[in-house]
$ cat structure.cif   # mmCIF, C-alpha atoms
data_final
#
loop_
_atom_site.group_PDB
_atom_site.id
_atom_site.type_symbol
_atom_site.label_atom_id
_atom_site.label_comp_id
_atom_site.auth_asym_id
_atom_site.auth_seq_id
_atom_site.Cartn_x
_atom_site.Cartn_y
_atom_site.Cartn_z
ATOM 1 C CA MET P 1 -49.404 -164.820 100.064
ATOM 2 C CA SER P 2 -45.652 -165.035 100.487
ATOM 3 C CA ARG P 3 -44.066 -163.493 103.525
ATOM 4 C CA ARG P 4 -40.902 -161.411 103.155
ATOM 5 C CA ARG P 5 -38.366 -161.577 105.904
ATOM 6 C CA LYS P 6 -37.861 -158.214 107.517
ATOM 7 C CA GLN P 7 -34.460 -156.897 106.526
ATOM 8 C CA SER P 8 -31.992 -156.247 109.313
ATOM 9 C CA SER P 9 -29.437 -153.459 109.313
ATOM 10 C CA GLY P 10 -26.903 -155.692 111.039
ATOM 11 C CA HIS P 11 -25.713 -156.242 114.584
ATOM 12 C CA PRO P 12 -27.872 -154.577 117.301
ATOM 13 C CA ALA P 13 -24.926 -152.392 118.338
ATOM 14 C CA LYS P 14 -24.530 -151.206 114.752
ATOM 15 C CA ARG P 15 -28.245 -150.450 114.495
ATOM 16 C CA ALA P 16 -28.038 -148.457 117.725
ATOM 17 C CA ALA P 17 -25.070 -146.505 116.379
ATOM 18 C CA ILE P 18 -27.041 -145.644 113.254
ATOM 19 C CA ARG P 19 -29.980 -144.441 115.350
ATOM 20 C CA ASP P 20 -27.750 -142.447 117.698
ATOM 21 C CA LYS P 21 -25.702 -140.746 114.975
ATOM 22 C CA PRO P 22 -26.457 -137.020 115.254
ATOM 23 C CA ALA P 23 -27.896 -135.376 112.188
ATOM 24 C CA GLU P 24 -25.674 -132.855 110.456
ATOM 25 C CA SER P 25 -26.717 -129.273 111.023
ATOM 26 C CA PRO P 26 -27.896 -127.192 108.055
ATOM 27 C CA LEU P 27 -24.739 -125.077 108.354
ATOM 28 C CA VAL P 28 -22.491 -128.140 108.117
ATOM 29 C CA ARG P 29 -24.340 -129.357 105.034
ATOM 30 C CA ALA P 30 -24.222 -125.889 103.502
ATOM 31 C CA ALA P 31 -20.483 -125.550 104.163
ATOM 32 C CA ALA P 32 -19.772 -128.959 102.635
ATOM 33 C CA ALA P 33 -21.624 -127.943 99.469
ATOM 34 C CA THR P 34 -19.812 -124.625 98.920
ATOM 35 C CA PRO P 35 -17.614 -124.194 95.843
ATOM 36 C CA VAL P 36 -14.594 -123.518 98.030
ATOM 37 C CA LEU P 37 -14.884 -126.688 100.108
ATOM 38 C CA ARG P 38 -15.585 -128.870 97.093
ATOM 39 C CA GLY P 39 -12.561 -127.300 95.438
ATOM 40 C CA LEU P 40 -10.313 -127.779 98.469
ATOM 41 C CA ARG P 41 -11.244 -131.446 98.744
ATOM 42 C CA GLY P 42 -10.650 -131.986 95.044
ATOM 43 C CA LEU P 43 -7.336 -130.161 95.206
ATOM 44 C CA ALA P 44 -6.203 -132.202 98.209
ATOM 45 C CA THR P 45 -7.067 -135.405 96.355
ATOM 46 C CA TRP P 46 -5.102 -134.247 93.309
ATOM 47 C CA VAL P 47 -2.059 -133.297 95.399
ATOM 48 C CA GLY P 48 -2.135 -136.692 97.123
ATOM 49 C CA ASP P 49 1.159 -137.392 98.865
ATOM 50 C CA GLY P 50 2.856 -134.654 96.871
ATOM 51 C CA VAL P 51 3.063 -133.147 93.406
ATOM 52 C CA ALA P 52 5.700 -131.071 91.630
ATOM 53 C CA VAL P 53 5.074 -127.329 91.250
ATOM 54 C CA THR P 54 6.892 -124.413 89.645
ATOM 55 C CA GLY P 55 9.605 -122.371 91.290
ATOM 56 C CA THR P 56 6.955 -119.852 92.355
ATOM 57 C CA GLY P 57 4.930 -122.557 94.090
ATOM 58 C CA VAL P 58 2.004 -122.882 91.678
ATOM 59 C CA PRO P 59 0.838 -125.766 89.459
ATOM 60 C CA ARG P 60 2.954 -126.458 86.406
ATOM 61 C CA PRO P 61 1.214 -125.404 83.174
ATOM 62 C CA GLY P 62 1.273 -128.949 81.814
ATOM 63 C CA ASP P 63 -0.509 -130.243 84.925
ATOM 64 C CA ILE P 64 -3.357 -127.731 84.880
ATOM 65 C CA PRO P 65 -5.638 -129.627 82.455
ATOM 66 C CA ASP P 66 -5.457 -132.726 84.683
ATOM 67 C CA LEU P 67 -6.053 -130.594 87.770
ATOM 68 C CA CYS P 68 -9.103 -128.995 86.167
ATOM 69 C CA ARG P 69 -10.519 -132.408 85.345
ATOM 70 C CA ALA P 70 -9.828 -133.571 88.907
ATOM 71 C CA LEU P 71 -11.914 -130.621 90.084
ATOM 72 C CA GLY P 72 -14.715 -131.553 87.702
ATOM 73 C CA ILE P 73 -14.157 -128.504 85.501
ATOM 74 C CA GLU P 74 -13.395 -128.319 81.810
ATOM 75 C CA PRO P 75 -9.808 -127.179 81.157
ATOM 76 C CA PRO P 76 -9.418 -123.780 79.456
ATOM 77 C CA PRO P 77 -9.743 -124.021 75.658
ATOM 78 C CA PHE P 78 -6.322 -122.476 75.102
ATOM 79 C CA LYS P 79 -2.705 -123.432 75.642
ATOM 80 C CA ILE P 80 -1.747 -122.640 79.214
ATOM 81 C CA ARG P 81 1.717 -121.143 79.505
ATOM 82 C CA THR P 82 1.373 -119.979 83.098
ATOM 83 C CA ALA P 83 -1.033 -120.735 85.934
ATOM 84 C CA SER P 84 -1.882 -117.035 86.190
ATOM 85 C CA ARG P 85 -3.922 -117.465 82.993
ATOM 86 C CA VAL P 86 -6.461 -119.404 85.080
ATOM 87 C CA PRO P 87 -7.475 -116.874 87.785
ATOM 88 C CA TRP P 88 -10.160 -119.006 89.463
ATOM 89 C CA LEU P 89 -7.635 -121.814 89.920
ATOM 90 C CA MET P 90 -5.114 -119.413 91.415
ATOM 91 C CA SER P 91 -7.790 -118.158 93.820
ATOM 92 C CA LEU P 92 -8.467 -121.716 94.972
ATOM 93 C CA TRP P 93 -4.730 -122.415 95.236
ATOM 94 C CA ALA P 94 -4.228 -119.278 97.359
ATOM 95 C CA VAL P 95 -7.065 -120.283 99.703
ATOM 96 C CA ALA P 96 -5.644 -123.807 99.980
ATOM 97 C CA ARG P 97 -2.232 -122.447 100.963
ATOM 98 C CA ALA P 98 -3.652 -119.916 103.424
ATOM 99 C CA ALA P 99 -5.847 -122.595 105.015
ATOM 100 C CA ASP P 100 -2.959 -125.097 105.240
ATOM 101 C CA VAL P 101 -4.782 -127.557 103.005
ATOM 102 C CA ILE P 102 -1.568 -127.686 100.981
ATOM 103 C CA GLN P 103 1.977 -126.704 101.858
ATOM 104 C CA ILE P 104 4.712 -125.725 99.440
ATOM 105 C CA LYS P 105 8.137 -127.098 100.253
ATOM 106 C CA GLY P 106 10.750 -126.446 97.633
ATOM 107 C CA ARG P 107 9.283 -127.387 94.291
ATOM 108 C CA LYS P 108 6.637 -129.685 95.696
ATOM 109 C CA ALA P 109 3.098 -129.234 97.002
ATOM 110 C CA ARG P 110 2.285 -131.532 99.891
ATOM 111 C CA PRO P 111 -0.863 -132.056 101.964
ATOM 112 C CA GLY P 112 -1.276 -129.833 105.013
ATOM 113 C CA ALA P 113 -3.413 -130.259 108.109
ATOM 114 C CA GLY P 114 -6.155 -127.784 107.227
ATOM 115 C CA LEU P 115 -8.650 -130.219 105.715
ATOM 116 C CA THR P 116 -10.537 -131.867 108.577
ATOM 117 C CA THR P 117 -13.561 -134.140 108.742
ATOM 118 C CA ASP P 118 -15.567 -131.225 110.154
ATOM 119 C CA ALA P 119 -16.775 -129.384 107.053
ATOM 120 C CA LEU P 120 -17.872 -126.276 108.936
ATOM 121 C CA GLU P 121 -14.601 -125.999 110.840
ATOM 122 C CA THR P 122 -12.565 -126.400 107.652
ATOM 123 C CA TRP P 123 -14.724 -123.831 105.867
ATOM 124 C CA ARG P 124 -14.565 -121.355 108.739
ATOM 125 C CA ASN P 125 -10.794 -121.646 109.167
ATOM 126 C CA ALA P 126 -10.256 -121.323 105.428
ATOM 127 C CA PHE P 127 -12.149 -118.030 105.314
ATOM 128 C CA VAL P 128 -10.522 -116.514 108.390
ATOM 129 C CA ARG P 129 -7.016 -117.462 107.262
ATOM 130 C CA THR P 130 -7.678 -116.226 103.738
ATOM 131 C CA VAL P 131 -8.815 -112.755 104.750
ATOM 132 C CA ASP P 132 -6.400 -112.375 107.662
ATOM 133 C CA GLY P 133 -3.389 -114.276 106.405
ATOM 134 C CA ASP P 134 -0.946 -111.364 106.373
ATOM 135 C CA ASP P 135 -1.714 -110.147 109.902
ATOM 136 C CA GLU P 136 -1.947 -106.598 108.613
ATOM 137 C CA GLU P 137 -3.533 -103.925 110.765
ATOM 138 C CA PHE P 138 -5.810 -102.883 107.911
ATOM 139 C CA ILE P 139 -7.132 -105.410 105.419
ATOM 140 C CA GLU P 140 -7.763 -103.898 101.999
ATOM 141 C CA GLY P 141 -8.345 -105.191 98.473
ATOM 142 C CA ALA P 142 -10.675 -108.127 97.880
ATOM 143 C CA GLU P 143 -10.343 -109.415 101.442
ATOM 144 C CA GLY P 144 -11.213 -106.027 102.903
ATOM 145 C CA GLY P 145 -14.072 -105.672 100.434
ATOM 146 C CA ALA P 146 -15.443 -109.022 101.568
ATOM 147 C CA LEU P 147 -15.286 -108.112 105.251
ATOM 148 C CA VAL P 148 -16.904 -104.709 104.817
ATOM 149 C CA ALA P 149 -19.594 -106.123 102.513
ATOM 150 C CA LEU P 150 -20.393 -108.702 105.192
ATOM 151 C CA GLN P 151 -20.870 -105.937 107.753
ATOM 152 C CA VAL P 152 -23.172 -103.962 105.473
ATOM 153 C CA LEU P 153 -25.232 -106.997 104.451
ATOM 154 C CA ALA P 154 -25.586 -108.046 108.088
ATOM 155 C CA ASN P 155 -27.413 -104.790 108.807
ATOM 156 C CA VAL P 156 -30.249 -105.343 106.337
ATOM 157 C CA PRO P 157 -33.274 -107.560 107.068
ATOM 158 C CA ALA P 158 -32.476 -111.265 106.750
ATOM 159 C CA GLY P 159 -32.999 -112.550 103.236
ATOM 160 C CA SER P 160 -33.097 -109.072 101.695
ATOM 161 C CA ALA P 161 -31.164 -108.514 98.480
ATOM 162 C CA VAL P 162 -28.911 -105.474 98.193
ATOM 163 C CA ASP P 163 -28.104 -103.695 94.952
ATOM 164 C CA GLU P 164 -24.420 -104.360 94.269
ATOM 165 C CA ALA P 165 -23.805 -100.987 92.627
ATOM 166 C CA ALA P 166 -25.274 -99.176 95.628
ATOM 167 C CA LEU P 167 -23.275 -101.406 97.974
ATOM 168 C CA ASP P 168 -20.081 -100.637 96.076
ATOM 169 C CA ALA P 169 -20.770 -96.893 96.112
ATOM 170 C CA THR P 170 -21.513 -96.888 99.847
ATOM 171 C CA ILE P 171 -18.344 -98.786 100.709
ATOM 172 C CA ARG P 172 -16.157 -96.744 98.372
ATOM 173 C CA GLU P 173 -17.384 -93.499 99.909
ATOM 174 C CA ALA P 174 -16.656 -94.748 103.422
ATOM 175 C CA ALA P 175 -13.270 -96.124 102.336
ATOM 176 C CA GLN P 176 -12.208 -92.829 100.790
ATOM 177 C CA ALA P 177 -13.011 -91.054 104.026
ATOM 178 C CA GLU P 178 -10.699 -93.487 105.841
ATOM 179 C CA GLY P 179 -7.998 -93.383 103.167
ATOM 180 C CA VAL P 180 -8.208 -97.106 102.370
ATOM 181 C CA THR P 181 -9.104 -99.085 99.251
ATOM 182 C CA PHE P 182 -11.543 -101.976 99.045
ATOM 183 C CA ASP P 183 -12.323 -104.069 95.977
ATOM 184 C CA VAL P 184 -16.009 -104.708 96.586
ATOM 185 C CA THR P 185 -16.636 -106.673 93.393
ATOM 186 C CA ALA P 186 -13.747 -109.036 94.100
ATOM 187 C CA GLY P 187 -14.872 -109.191 97.722
ATOM 188 C CA LEU P 188 -18.342 -110.336 96.677
ATOM 189 C CA ASP P 189 -16.745 -112.900 94.373
ATOM 190 C CA LEU P 190 -14.814 -114.216 97.367
ATOM 191 C CA LEU P 191 -17.933 -114.330 99.543
ATOM 192 C CA ALA P 192 -19.856 -116.174 96.827
ATOM 193 C CA PHE P 193 -16.979 -118.659 96.512
ATOM 194 C CA PHE P 194 -17.429 -119.389 100.218
ATOM 195 C CA GLY P 195 -21.217 -119.514 99.907
ATOM 196 C CA ALA P 196 -21.574 -116.532 102.234
ATOM 197 C CA VAL P 197 -23.644 -114.547 99.740
ATOM 198 C CA ARG P 198 -26.043 -115.487 96.992
ATOM 199 C CA ARG P 199 -25.631 -113.378 93.882
ATOM 200 C CA ASP P 200 -28.358 -112.691 91.396
ATOM 201 C CA PRO P 201 -27.849 -110.272 88.494
ATOM 202 C CA GLY P 202 -26.743 -107.042 90.159
ATOM 203 C CA ARG P 203 -27.890 -108.071 93.633
ATOM 204 C CA ALA P 204 -26.369 -109.831 96.637
ATOM 205 C CA THR P 205 -28.058 -111.566 99.571
ATOM 206 C CA LEU P 206 -26.431 -112.737 102.784
ATOM 207 C CA THR P 207 -26.855 -116.490 103.288
ATOM 208 C CA PRO P 208 -27.069 -118.343 106.624
ATOM 209 C CA LEU P 209 -23.375 -119.178 106.188
ATOM 210 C CA GLY P 210 -22.674 -115.478 105.745
ATOM 211 C CA ALA P 211 -24.595 -114.671 108.917
ATOM 212 C CA HIS P 212 -22.555 -117.354 110.692
ATOM 213 C CA LEU P 213 -19.364 -115.699 109.452
ATOM 214 C CA VAL P 214 -20.486 -112.356 110.844
ATOM 215 C CA THR P 215 -20.956 -113.963 114.264
ATOM 216 C CA ILE P 216 -17.558 -115.666 114.102
ATOM 217 C CA LEU P 217 -15.777 -112.483 113.048
ATOM 218 C CA HIS P 218 -17.418 -110.530 115.870
ATOM 219 C CA GLU P 219 -16.139 -113.143 118.319
ATOM 220 C CA LEU P 220 -12.620 -112.843 116.890
ATOM 221 C CA THR P 221 -12.582 -109.040 117.020
ATOM 222 C CA PRO P 222 -10.819 -107.721 120.139
ATOM 223 C CA ALA P 223 -13.145 -105.851 122.477
#
$ encode --input "structure.cif" --output "structure tokens"
Amino acid sequence: MSRRRKQSSGHPAKRAAIRDKPAESPLVRAAAATPVLRGLRGLATWVGDGVAVTGTGVPRPGDIPDLCRALGIEPPPFKIRTASRVPWLMSLWAVARAADVIQIKGRKARPGAGLTTDALETWRNAFVRTVDGDDEEFIEGAEGGALVALQVLANVPAGSAVDEAALDATIREAAQAEGVTFDVTAGLDLLAFFGAVRRDPGRATLTPLGAHLVTILHELTPA
């Protein structure tokens, strides 16, 4: 019988480093796998050291097919005359700017400092800066809808799905009483983009990342 030499993983110090490397937490792995973080990393790679943009600071129409492919997504099957024709791309672009993953200087997009090696930190900062980027006293629209939906979902038993129509009606009624306007559907879209909710047909469930966001937002709220 032949004897096989036991394979070595290298120098003893290297083997010790491998053994001592802390395992990533489930939240870190979940954050790294979210659509928003995958998109931000792909966008940062595409921007590289810098790429030309339009006068309004968005991708040039002729560059959008290449950008879509860089993000692993099929380009739209129509001629793109303006970036606004690709709403999901504009949402990602807006998050990237708010999170300082990219910076617009003149007619050029350049890399920012918002994309770190810590997936959870990057994800967390991207969400907070996206919903609170204007420093307004009251946050309305999609961002406000996302924040209020988080609060409502945090008050149901963990893992329980909530009917989206009922959620929308509840939030709209409360918003009208306060004289504000929330876009709950767009807010849920934003939360799903960040992996904070799981959406099934007509129902939404808070994920562990969503529960983590609730904790973070409570910590950031002045007492």
$ closest_residue --input "structure.cif" --among "P:Pro111, P:Pro75, P:Pro87, P:Pro26" --to "P:Trp46" --atoms "all atoms listed in the file"
P:Pro111
$ atom_distance --input "structure.cif" --atom1 "atom CA of P:Arg172" --atom2 "atom CA of P:Asp189"
16.7 Å
$ resolve_selection --input "structure.cif" --expression "the PyMOL selection byres ((chain P and resi 147) around 12)" --output "MDAnalysis selection string"
chainID P and resid 127:128 130:132 138:146 148:154 171 182:184 186:191 196:197 210:211 213:214 216:218
$ residues_around --input "structure.cif" --residues "P:Pro61" --least-positions-apart "3" --cutoff "9 Å" --atoms "all atoms listed in the file" --output "list in words"
Thr54, Val58, Ile64, Pro65, Lys79, Ile80, Arg81, Thr82 and Ala83 of chain P
$ atom_distance --input "structure.cif" --atom1 "atom CA of P:Ser160" --atom2 "atom CA of P:Thr205"
6.0 Å
$ resolve_selection --input "structure.cif" --expression "the PyMOL selection byres ((chain P and resi 204) around 6)" --output "JSON, numbers by chain"
{"P": [161, 162, 198, 199, 203, 205]}
$ closest_residue --input "structure.cif" --among "P:Pro77, P:Phe194, P:Leu43, P:Ala177" --to "P:Asn125" --atoms "only C-alpha atoms"
P:Phe194
$ atom_distance --input "structure.cif" --atom1 "atom CA of P:Val51" --atom2 "atom CA of P:Trp88"
19.8 Å
$ resolve_selection --input "structure.cif" --expression "the PyMOL selection byres ((chain P and resi 118) around 12)" --output "list in words"
Glu24, Ser25, Leu27, Val28, Arg29, Ala31, Ala32, Leu37, Gly114, Leu115, Thr116, Thr117, Ala119, Leu120, Glu121, Thr122, Trp123, Arg124 and Asn125 of chain P
$ closest_residue --input "structure.cif" --among "P:Ala192, P:Ala113, P:Arg60, P:Leu67" --to "P:Ser84" --atoms "only C-alpha atoms"
P:Arg60
$ residues_around --input "structure.cif" --residues "P:Ile104" --least-positions-apart "3" --cutoff "9 Å" --atoms "all atoms listed in the file" --output "ChimeraX atom specification"
/P:53,57-58,97,107-111
$ closest_residue --input "structure.cif" --among "P:Leu71, P:Ala126, P:Leu167, P:Val86" --to "P:Ala98" --atoms "all atoms listed in the file"
P:Ala126
$ residues_around --input "structure.cif" --residues "P:Gly72" --least-positions-apart "3" --cutoff "10 Å" --atoms "only C-alpha atoms" --output "ChimeraX atom specification"
/P:38-39,42,66-69,75
$ closest_residue --input "structure.cif" --among "P:Pro208, P:Gly195, P:Pro201, P:Gly48" --to "P:Gln103" --atoms "only C-alpha atoms"
P:Gly48
$ closest_residue --input "structure.cif" --among "P:Leu209, P:Val47, P:Ala70, P:Val180" --to "P:Ala33" --atoms "all atoms listed in the file"
P:Leu209
$ build_atoms --input "structure.cif" --residues "stretch 130-165 of chain P" --atoms "N, CA and C atoms" --output "PDB file, keeping the file's coordinate frame"
ATOM      1  N   THR P 130      -7.796-116.872 105.046  1.00  0.00           N
ATOM      2  CA  THR P 130      -7.678-116.226 103.738  1.00  0.00           C
ATOM      3  C   THR P 130      -7.736-114.713 103.866  1.00  0.00           C
ATOM      4  N   VAL P 131      -8.665-114.211 104.657  1.00  0.00           N
ATOM      5  CA  VAL P 131      -8.815-112.755 104.750  1.00  0.00           C
ATOM      6  C   VAL P 131      -7.840-112.130 105.738  1.00  0.00           C
ATOM      7  N   ASP P 132      -7.261-112.930 106.621  1.00  0.00           N
ATOM      8  CA  ASP P 132      -6.400-112.375 107.662  1.00  0.00           C
ATOM      9  C   ASP P 132      -5.017-113.008 107.640  1.00  0.00           C
ATOM     10  N   GLY P 133      -4.631-113.517 106.474  1.00  0.00           N
ATOM     11  CA  GLY P 133      -3.389-114.276 106.405  1.00  0.00           C
ATOM     12  C   GLY P 133      -2.130-113.475 106.595  1.00  0.00           C
ATOM     13  N   ASP P 134      -2.169-112.166 106.295  1.00  0.00           N
ATOM     14  CA  ASP P 134      -0.946-111.364 106.373  1.00  0.00           C
ATOM     15  C   ASP P 134      -0.778-110.647 107.704  1.00  0.00           C
ATOM     16  N   ASP P 135      -1.774-110.802 108.589  1.00  0.00           N
ATOM     17  CA  ASP P 135      -1.714-110.147 109.902  1.00  0.00           C
ATOM     18  C   ASP P 135      -1.494-108.641 109.791  1.00  0.00           C
ATOM     19  N   GLU P 136      -2.074-108.039 108.766  1.00  0.00           N
ATOM     20  CA  GLU P 136      -1.947-106.598 108.613  1.00  0.00           C
ATOM     21  C   GLU P 136      -2.959-105.893 109.509  1.00  0.00           C
ATOM     22  N   GLU P 137      -2.618-104.671 109.902  1.00  0.00           N
ATOM     23  CA  GLU P 137      -3.533-103.925 110.765  1.00  0.00           C
ATOM     24  C   GLU P 137      -4.813-103.582 110.007  1.00  0.00           C
ATOM     25  N   PHE P 138      -4.653-103.197 108.742  1.00  0.00           N
ATOM     26  CA  PHE P 138      -5.810-102.883 107.911  1.00  0.00           C
ATOM     27  C   PHE P 138      -5.836-103.839 106.729  1.00  0.00           C
ATOM     28  N   ILE P 139      -6.975-104.460 106.515  1.00  0.00           N
ATOM     29  CA  ILE P 139      -7.132-105.410 105.419  1.00  0.00           C
ATOM     30  C   ILE P 139      -7.846-104.697 104.281  1.00  0.00           C
ATOM     31  N   GLU P 140      -7.185-104.605 103.134  1.00  0.00           N
ATOM     32  CA  GLU P 140      -7.763-103.898 101.999  1.00  0.00           C
ATOM     33  C   GLU P 140      -8.022-104.877 100.860  1.00  0.00           C
ATOM     34  N   GLY P 141      -8.158-104.352  99.642  1.00  0.00           N
ATOM     35  CA  GLY P 141      -8.345-105.191  98.473  1.00  0.00           C
ATOM     36  C   GLY P 141      -9.602-106.036  98.530  1.00  0.00           C
ATOM     37  N   ALA P 142      -9.522-107.230  97.923  1.00  0.00           N
ATOM     38  CA  ALA P 142     -10.675-108.127  97.880  1.00  0.00           C
ATOM     39  C   ALA P 142     -11.067-108.603  99.274  1.00  0.00           C
ATOM     40  N   GLU P 143     -10.056-108.914 100.098  1.00  0.00           N
ATOM     41  CA  GLU P 143     -10.343-109.415 101.442  1.00  0.00           C
ATOM     42  C   GLU P 143     -11.053-108.347 102.273  1.00  0.00           C
ATOM     43  N   GLY P 144     -10.556-107.116 102.186  1.00  0.00           N
ATOM     44  CA  GLY P 144     -11.213-106.027 102.903  1.00  0.00           C
ATOM     45  C   GLY P 144     -12.609-105.773 102.368  1.00  0.00           C
ATOM     46  N   GLY P 145     -12.751-105.848 101.034  1.00  0.00           N
ATOM     47  CA  GLY P 145     -14.072-105.672 100.434  1.00  0.00           C
ATOM     48  C   GLY P 145     -15.055-106.713 100.921  1.00  0.00           C
ATOM     49  N   ALA P 146     -14.578-107.947 101.077  1.00  0.00           N
ATOM     50  CA  ALA P 146     -15.443-109.022 101.568  1.00  0.00           C
ATOM     51  C   ALA P 146     -15.887-108.756 103.002  1.00  0.00           C
ATOM     52  N   LEU P 147     -14.955-108.343 103.843  1.00  0.00           N
ATOM     53  CA  LEU P 147     -15.286-108.112 105.251  1.00  0.00           C
ATOM     54  C   LEU P 147     -16.259-106.949 105.426  1.00  0.00           C
ATOM     55  N   VAL P 148     -16.021-105.868 104.687  1.00  0.00           N
ATOM     56  CA  VAL P 148     -16.904-104.709 104.817  1.00  0.00           C
ATOM     57  C   VAL P 148     -18.279-105.019 104.224  1.00  0.00           C
ATOM     58  N   ALA P 149     -18.307-105.737 103.105  1.00  0.00           N
ATOM     59  CA  ALA P 149     -19.594-106.123 102.513  1.00  0.00           C
ATOM     60  C   ALA P 149     -20.394-106.989 103.481  1.00  0.00           C
ATOM     61  N   LEU P 150     -19.712-107.878 104.187  1.00  0.00           N
ATOM     62  CA  LEU P 150     -20.393-108.702 105.192  1.00  0.00           C
ATOM     63  C   LEU P 150     -21.057-107.829 106.250  1.00  0.00           C
ATOM     64  N   GLN P 151     -20.330-106.818 106.716  1.00  0.00           N
ATOM     65  CA  GLN P 151     -20.870-105.937 107.753  1.00  0.00           C
ATOM     66  C   GLN P 151     -22.100-105.194 107.259  1.00  0.00           C
ATOM     67  N   VAL P 152     -22.034-104.707 106.023  1.00  0.00           N
ATOM     68  CA  VAL P 152     -23.172-103.962 105.473  1.00  0.00           C
ATOM     69  C   VAL P 152     -24.371-104.887 105.285  1.00  0.00           C
ATOM     70  N   LEU P 153     -24.137-106.059 104.712  1.00  0.00           N
ATOM     71  CA  LEU P 153     -25.232-106.997 104.451  1.00  0.00           C
ATOM     72  C   LEU P 153     -25.857-107.511 105.744  1.00  0.00           C
ATOM     73  N   ALA P 154     -25.061-107.564 106.808  1.00  0.00           N
ATOM     74  CA  ALA P 154     -25.586-108.046 108.088  1.00  0.00           C
ATOM     75  C   ALA P 154     -26.567-107.060 108.708  1.00  0.00           C
ATOM     76  N   ASN P 155     -26.551-105.821 108.229  1.00  0.00           N
ATOM     77  CA  ASN P 155     -27.413-104.790 108.807  1.00  0.00           C
ATOM     78  C   ASN P 155     -28.708-104.575 108.040  1.00  0.00           C
ATOM     79  N   VAL P 156     -28.969-105.423 107.047  1.00  0.00           N
ATOM     80  CA  VAL P 156     -30.249-105.343 106.337  1.00  0.00           C
ATOM     81  C   VAL P 156     -31.100-106.525 106.792  1.00  0.00           C
ATOM     82  N   PRO P 157     -32.415-106.445 106.635  1.00  0.00           N
ATOM     83  CA  PRO P 157     -33.274-107.560 107.068  1.00  0.00           C
ATOM     84  C   PRO P 157     -32.842-108.882 106.439  1.00  0.00           C
ATOM     85  N   ALA P 158     -32.904-109.947 107.220  1.00  0.00           N
ATOM     86  CA  ALA P 158     -32.476-111.265 106.750  1.00  0.00           C
ATOM     87  C   ALA P 158     -33.199-111.643 105.463  1.00  0.00           C
ATOM     88  N   GLY P 159     -32.427-112.115 104.501  1.00  0.00           N
ATOM     89  CA  GLY P 159     -32.999-112.550 103.236  1.00  0.00           C
ATOM     90  C   GLY P 159     -33.217-111.441 102.229  1.00  0.00           C
ATOM     91  N   SER P 160     -32.893-110.200 102.611  1.00  0.00           N
ATOM     92  CA  SER P 160     -33.097-109.072 101.695  1.00  0.00           C
ATOM     93  C   SER P 160     -31.915-108.943 100.741  1.00  0.00           C
ATOM     94  N   ALA P 161     -32.213-108.705  99.479  1.00  0.00           N
ATOM     95  CA  ALA P 161     -31.164-108.514  98.480  1.00  0.00           C
ATOM     96  C   ALA P 161     -30.749-107.049  98.448  1.00  0.00           C
ATOM     97  N   VAL P 162     -29.460-106.829  98.244  1.00  0.00           N
ATOM     98  CA  VAL P 162     -28.911-105.474  98.193  1.00  0.00           C
ATOM     99  C   VAL P 162     -28.352-105.228  96.801  1.00  0.00           C
ATOM    100  N   ASP P 163     -28.633-104.060  96.264  1.00  0.00           N
ATOM    101  CA  ASP P 163     -28.104-103.695  94.952  1.00  0.00           C
ATOM    102  C   ASP P 163     -26.582-103.586  95.040  1.00  0.00           C
ATOM    103  N   GLU P 164     -25.878-104.319  94.183  1.00  0.00           N
ATOM    104  CA  GLU P 164     -24.420-104.360  94.269  1.00  0.00           C
ATOM    105  C   GLU P 164     -23.787-103.016  93.930  1.00  0.00           C
ATOM    106  N   ALA P 165     -24.359-102.294  92.982  1.00  0.00           N
ATOM    107  CA  ALA P 165     -23.805-100.987  92.627  1.00  0.00           C
ATOM    108  C   ALA P 165     -23.925-100.019  93.798  1.00  0.00           C
TER     109      ALA P 165
END
